Amino acid sequence: MKRIGILGYPLSHSISPEFQQAALDHHEIKATFHRWEVTADDLNSFFETIRDSNFIGASVTIPYKEKCLDLVDEITESARLIGAINCIVNRDNVLVGHNTDGSGFIRALKTKYGFEPSGKKVLIIGAGGAAKAIAYSLIQEGISQLTIANRTITRAEELAQRLERNGLKINSIKLDKQTLVAPLSNVDLIVNTTSIGMKNGPDPQHSPIPPDLIPQNAIINDIVYNPIETPLIKAAKLKQAPTIGGLDMLVYQGVEAFELWTKTLAPETIMYDAAQKALRS
Ligand code: NAP
């Protein structure tokens, strides 16, 4: 039996096995999707065990997205520029590292919501790993303006500097009510990439943007997917602003990975429904 899996530690929160197995079963692909919960000490030896022709590939999640850069044989240009991989593909026993976080985020925006990033003004809240992949991909799509707001301003500045090599002037600001007023008044898309609002996270009850500042005419995209309706999404709905939840990005990064592993069109709706079911159970 062929093997695919998700690699991370811990993995109890992950719903990737449910929606990826649903996609494999739908296409009657004879492969099992595993949960590979591997400690940092065992990471190198784990890579030895997967190197055979039955290994199709893996999703990579926290805390190994950066560490795995050095453990695969090749990485794609976009994964190199983002500085992280979330997907490994076994191409004739050569392990290739990809990053589908940013491309999955963009695919969800375009295919599910008809949002074309080209020429748009964007505010990203947060400057961690997810922000990096999303910002890089939005710049590749030709956005016209980008502001990065983060609690730790130096992290926002570092990310802006790194991304400016791609040619767009980026504004980095501290995440607080005062400094958010101006960027929120003239923006097309707002993306929360912080852990604020996440179940069992550092601040599950709050929205990263004060509810009274949420604009009505910008799309509010919260990449936190548990709960499905975060405090930010709830507040945006009350303002009747258009919203996108984090489950879309999660499923579409998986859709892109599935297509890389199997060279088969992913059954998007089946994957989304299985993910939603897994999250609710
Ligand atoms: P990360 O690299 O650890 O970055 C965390 C970010 O959240 C940083 O900007 C951090 O700010 C900020 N933050 C954390 N606690 C905060 C608080 N109490 N107040 C203000 N800011 C706070 O994490 P990540 O990998 O980017 O993931 C971030 C979130 O995105 C997680 O909830 C994760 O589940 C979600 N995510 C979703 C998907 C998806 O497919 N939907 C994919 C990836 C990640 P500082 O720099 O100041 O610490």
# chains A, B, ... in the order shown; residues from 1 in each chain; ligands from 1

$ closest_atom_pairs --of "chain A" --to "ligand 1" --cutoff "8 Å" --atoms "only C-alpha atoms and all ligand atoms" --output "JSON lines"
{"residue": "A:Ile62", "atom": "CA", "partner": "ligand 1", "partner_atom_place_in_ligand_line": "25 (O)", "distance": 6.8}
{"residue": "A:Asp101", "atom": "CA", "partner": "ligand 1", "partner_atom_place_in_ligand_line": "42 (C)", "distance": 6.3}
{"residue": "A:Phe105", "atom": "CA", "partner": "ligand 1", "partner_atom_place_in_ligand_line": "40 (O)", "distance": 7.5}
{"residue": "A:Ile125", "atom": "CA", "partner": "ligand 1", "partner_atom_place_in_ligand_line": "9 (O)", "distance": 7.1}
{"residue": "A:Gly126", "atom": "CA", "partner": "ligand 1", "partner_atom_place_in_ligand_line": "9 (O)", "distance": 3.4}
{"residue": "A:Ala127", "atom": "CA", "partner": "ligand 1", "partner_atom_place_in_ligand_line": "9 (O)", "distance": 4.0}
{"residue": "A:Gly128", "atom": "CA", "partner": "ligand 1", "partner_atom_place_in_ligand_line": "2 (O)", "distance": 3.4}
{"residue": "A:Gly129", "atom": "CA", "partner": "ligand 1", "partner_atom_place_in_ligand_line": "26 (O)", "distance": 3.8}
{"residue": "A:Ala130", "atom": "CA", "partner": "ligand 1", "partner_atom_place_in_ligand_line": "26 (O)", "distance": 3.7}
{"residue": "A:Ala131", "atom": "CA", "partner": "ligand 1", "partner_atom_place_in_ligand_line": "26 (O)", "distance": 5.7}
{"residue": "A:Lys132", "atom": "CA", "partner": "ligand 1", "partner_atom_place_in_ligand_line": "26 (O)", "distance": 7.6}
{"residue": "A:Asn150", "atom": "CA", "partner": "ligand 1", "partner_atom_place_in_ligand_line": "9 (O)", "distance": 5.6}
{"residue": "A:Arg151", "atom": "CA", "partner": "ligand 1", "partner_atom_place_in_ligand_line": "47 (O)", "distance": 3.9}
{"residue": "A:Thr152", "atom": "CA", "partner": "ligand 1", "partner_atom_place_in_ligand_line": "47 (O)", "distance": 3.8}
{"residue": "A:Ile153", "atom": "CA", "partner": "ligand 1", "partner_atom_place_in_ligand_line": "47 (O)", "distance": 7.2}
{"residue": "A:Arg155", "atom": "CA", "partner": "ligand 1", "partner_atom_place_in_ligand_line": "46 (O)", "distance": 5.7}
{"residue": "A:Ala156", "atom": "CA", "partner": "ligand 1", "partner_atom_place_in_ligand_line": "46 (O)", "distance": 7.5}
{"residue": "A:Leu175", "atom": "CA", "partner": "ligand 1", "partner_atom_place_in_ligand_line": "20 (C)", "distance": 7.4}
{"residue": "A:Asn192", "atom": "CA", "partner": "ligand 1", "partner_atom_place_in_ligand_line": "30 (O)", "distance": 7.8}
{"residue": "A:Thr193", "atom": "CA", "partner": "ligand 1", "partner_atom_place_in_ligand_line": "30 (O)", "distance": 4.8}
{"residue": "A:Thr194", "atom": "CA", "partner": "ligand 1", "partner_atom_place_in_ligand_line": "7 (O)", "distance": 3.2}
{"residue": "A:Ser195", "atom": "CA", "partner": "ligand 1", "partner_atom_place_in_ligand_line": "32 (O)", "distance": 3.7}
{"residue": "A:Ile196", "atom": "CA", "partner": "ligand 1", "partner_atom_place_in_ligand_line": "16 (C)", "distance": 5.6}
{"residue": "A:Gly197", "atom": "CA", "partner": "ligand 1", "partner_atom_place_in_ligand_line": "32 (O)", "distance": 7.7}
{"residue": "A:Met198", "atom": "CA", "partner": "ligand 1", "partner_atom_place_in_ligand_line": "32 (O)", "distance": 5.5}
{"residue": "A:Gly201", "atom": "CA", "partner": "ligand 1", "partner_atom_place_in_ligand_line": "32 (O)", "distance": 7.3}
{"residue": "A:Pro202", "atom": "CA", "partner": "ligand 1", "partner_atom_place_in_ligand_line": "18 (N)", "distance": 5.0}
{"residue": "A:Asp203", "atom": "CA", "partner": "ligand 1", "partner_atom_place_in_ligand_line": "18 (N)", "distance": 5.3}
{"residue": "A:Pro208", "atom": "CA", "partner": "ligand 1", "partner_atom_place_in_ligand_line": "20 (C)", "distance": 7.1}
{"residue": "A:Asp222", "atom": "CA", "partner": "ligand 1", "partner_atom_place_in_ligand_line": "41 (N)", "distance": 7.9}
{"residue": "A:Ile223", "atom": "CA", "partner": "ligand 1", "partner_atom_place_in_ligand_line": "41 (N)", "distance": 4.3}
{"residue": "A:Val224", "atom": "CA", "partner": "ligand 1", "partner_atom_place_in_ligand_line": "35 (C)", "distance": 4.7}
{"residue": "A:Tyr225", "atom": "CA", "partner": "ligand 1", "partner_atom_place_in_ligand_line": "41 (N)", "distance": 5.4}
{"residue": "A:Asn226", "atom": "CA", "partner": "ligand 1", "partner_atom_place_in_ligand_line": "34 (O)", "distance": 7.7}
{"residue": "A:Gly245", "atom": "CA", "partner": "ligand 1", "partner_atom_place_in_ligand_line": "41 (N)", "distance": 7.8}
{"residue": "A:Gly246", "atom": "CA", "partner": "ligand 1", "partner_atom_place_in_ligand_line": "41 (N)", "distance": 4.0}
{"residue": "A:Leu247", "atom": "CA", "partner": "ligand 1", "partner_atom_place_in_ligand_line": "41 (N)", "distance": 5.4}
{"residue": "A:Asp248", "atom": "CA", "partner": "ligand 1", "partner_atom_place_in_ligand_line": "41 (N)", "distance": 6.8}
{"residue": "A:Met249", "atom": "CA", "partner": "ligand 1", "partner_atom_place_in_ligand_line": "40 (O)", "distance": 4.4}
{"residue": "A:Leu250", "atom": "CA", "partner": "ligand 1", "partner_atom_place_in_ligand_line": "40 (O)", "distance": 3.2}
{"residue": "A:Val251", "atom": "CA", "partner": "ligand 1", "partner_atom_place_in_ligand_line": "40 (O)", "distance": 6.9}
{"residue": "A:Tyr252", "atom": "CA", "partner": "ligand 1", "partner_atom_place_in_ligand_line": "40 (O)", "distance": 7.8}
{"residue": "A:Gln253", "atom": "CA", "partner": "ligand 1", "partner_atom_place_in_ligand_line": "40 (O)", "distance": 6.5}

$ select_by_dssp --residues "segment 123-162 of chain A" --states "helix (DSSP H, G or I)" --output "number ranges by chain"
A: 129-140, 153-162

$ closest_atom_pairs --of "segment 61-111 of chain A" --to "segment 3-10 of chain A" --cutoff "10 Å" --atoms "only C-alpha atoms" --output "Markdown table"
| residue | atom | partner | partner_atom | distance |
| --- | --- | --- | --- | --- |
| A:Thr61 | CA | A:Gly8 | CA | 5.0 |
| A:Ile62 | CA | A:Gly8 | CA | 5.6 |
| A:Pro63 | CA | A:Gly8 | CA | 6.2 |
| A:Tyr64 | CA | A:Gly8 | CA | 6.3 |
| A:Lys65 | CA | A:Gly8 | CA | 8.7 |
| A:Cys68 | CA | A:Leu7 | CA | 10.0 |
| A:Asn86 | CA | A:Leu7 | CA | 9.2 |
| A:Cys87 | CA | A:Ile6 | CA | 8.8 |
| A:Ile88 | CA | A:Ile4 | CA | 9.6 |
| A:Val89 | CA | A:Ile4 | CA | 9.4 |
| A:Asn90 | CA | A:Ile4 | CA | 9.9 |

$ select_by_dssp --residues "segment 47-139 of chain A" --states "strand (DSSP E)" --output "list in words"
Phe55, Ile56, Gly57, Ala58, Ser59, Val60, Glu74, Ile75, Cys87, Ile88, Val89, Asn90, Arg91, Val94, Leu95, Val96, Gly97, His98, Lys121, Val122, Leu123, Ile124 and Ile125 of chain A

$ residues_around --residues "segment 108-122 of chain A" --least-positions-apart "2" --cutoff "10 Å" --atoms "only C-alpha atoms" --output "number ranges by chain"
A: 103-106, 124-125, 135, 137-148, 183-184, 186-191, 218-219, 221, 242-244, 246-253, 255

$ write_last_selection --atoms "C-alpha atoms" --output "CSV table (one decimal), in the first residue's frame"
chain,number,residue,atom,x,y,z
A,103,SER,CA,-0.7,29.2,-3.4
A,104,GLY,CA,-3.6,27.5,-1.6
A,105,PHE,CA,-4.6,30.7,0.1
A,106,ILE,CA,-4.7,32.5,-3.4
A,124,ILE,CA,-1.9,41.5,6.8
A,125,ILE,CA,-2.1,41.2,10.6
A,135,ALA,CA,2.4,38.0,1.7
A,137,SER,CA,2.0,34.9,-2.8
A,138,LEU,CA,-0.1,38.1,-2.8
A,139,ILE,CA,3.0,40.1,-4.1
A,140,GLN,CA,3.5,37.5,-6.8
A,141,GLU,CA,-0.2,38.1,-7.8
A,142,GLY,CA,0.5,41.9,-8.3
A,143,ILE,CA,-1.1,43.6,-5.3
A,144,SER,CA,-0.6,47.3,-5.3
A,145,GLN,CA,-0.2,48.0,-1.6
A,146,LEU,CA,0.7,46.0,1.5
A,147,THR,CA,0.7,46.9,5.2
A,148,ILE,CA,1.9,44.4,7.8
A,183,PRO,CA,-4.7,51.4,6.9
A,184,LEU,CA,-8.2,50.1,7.7
A,186,ASN,CA,-8.4,52.3,2.6
A,187,VAL,CA,-8.0,48.6,2.0
A,188,ASP,CA,-9.6,45.8,-0.2
A,189,LEU,CA,-8.5,42.7,1.8
A,190,ILE,CA,-7.6,42.2,5.4
A,191,VAL,CA,-6.0,38.9,6.4
A,218,ALA,CA,-13.2,45.2,2.6
A,219,ILE,CA,-13.0,41.4,2.6
A,221,ASN,CA,-10.2,36.8,5.8
A,242,PRO,CA,-17.8,40.0,3.3
A,243,THR,CA,-15.9,37.2,5.2
A,244,ILE,CA,-13.7,34.2,4.4
A,246,GLY,CA,-9.6,29.7,7.6
A,247,LEU,CA,-11.0,26.4,6.5
A,248,ASP,CA,-10.8,27.5,2.9
A,249,MET,CA,-7.0,28.0,3.0
A,250,LEU,CA,-6.5,24.8,4.9
A,251,VAL,CA,-8.5,22.8,2.4
A,252,TYR,CA,-6.9,24.5,-0.7
A,253,GLN,CA,-3.3,24.1,0.5
A,255,VAL,CA,-6.0,20.5,-2.6
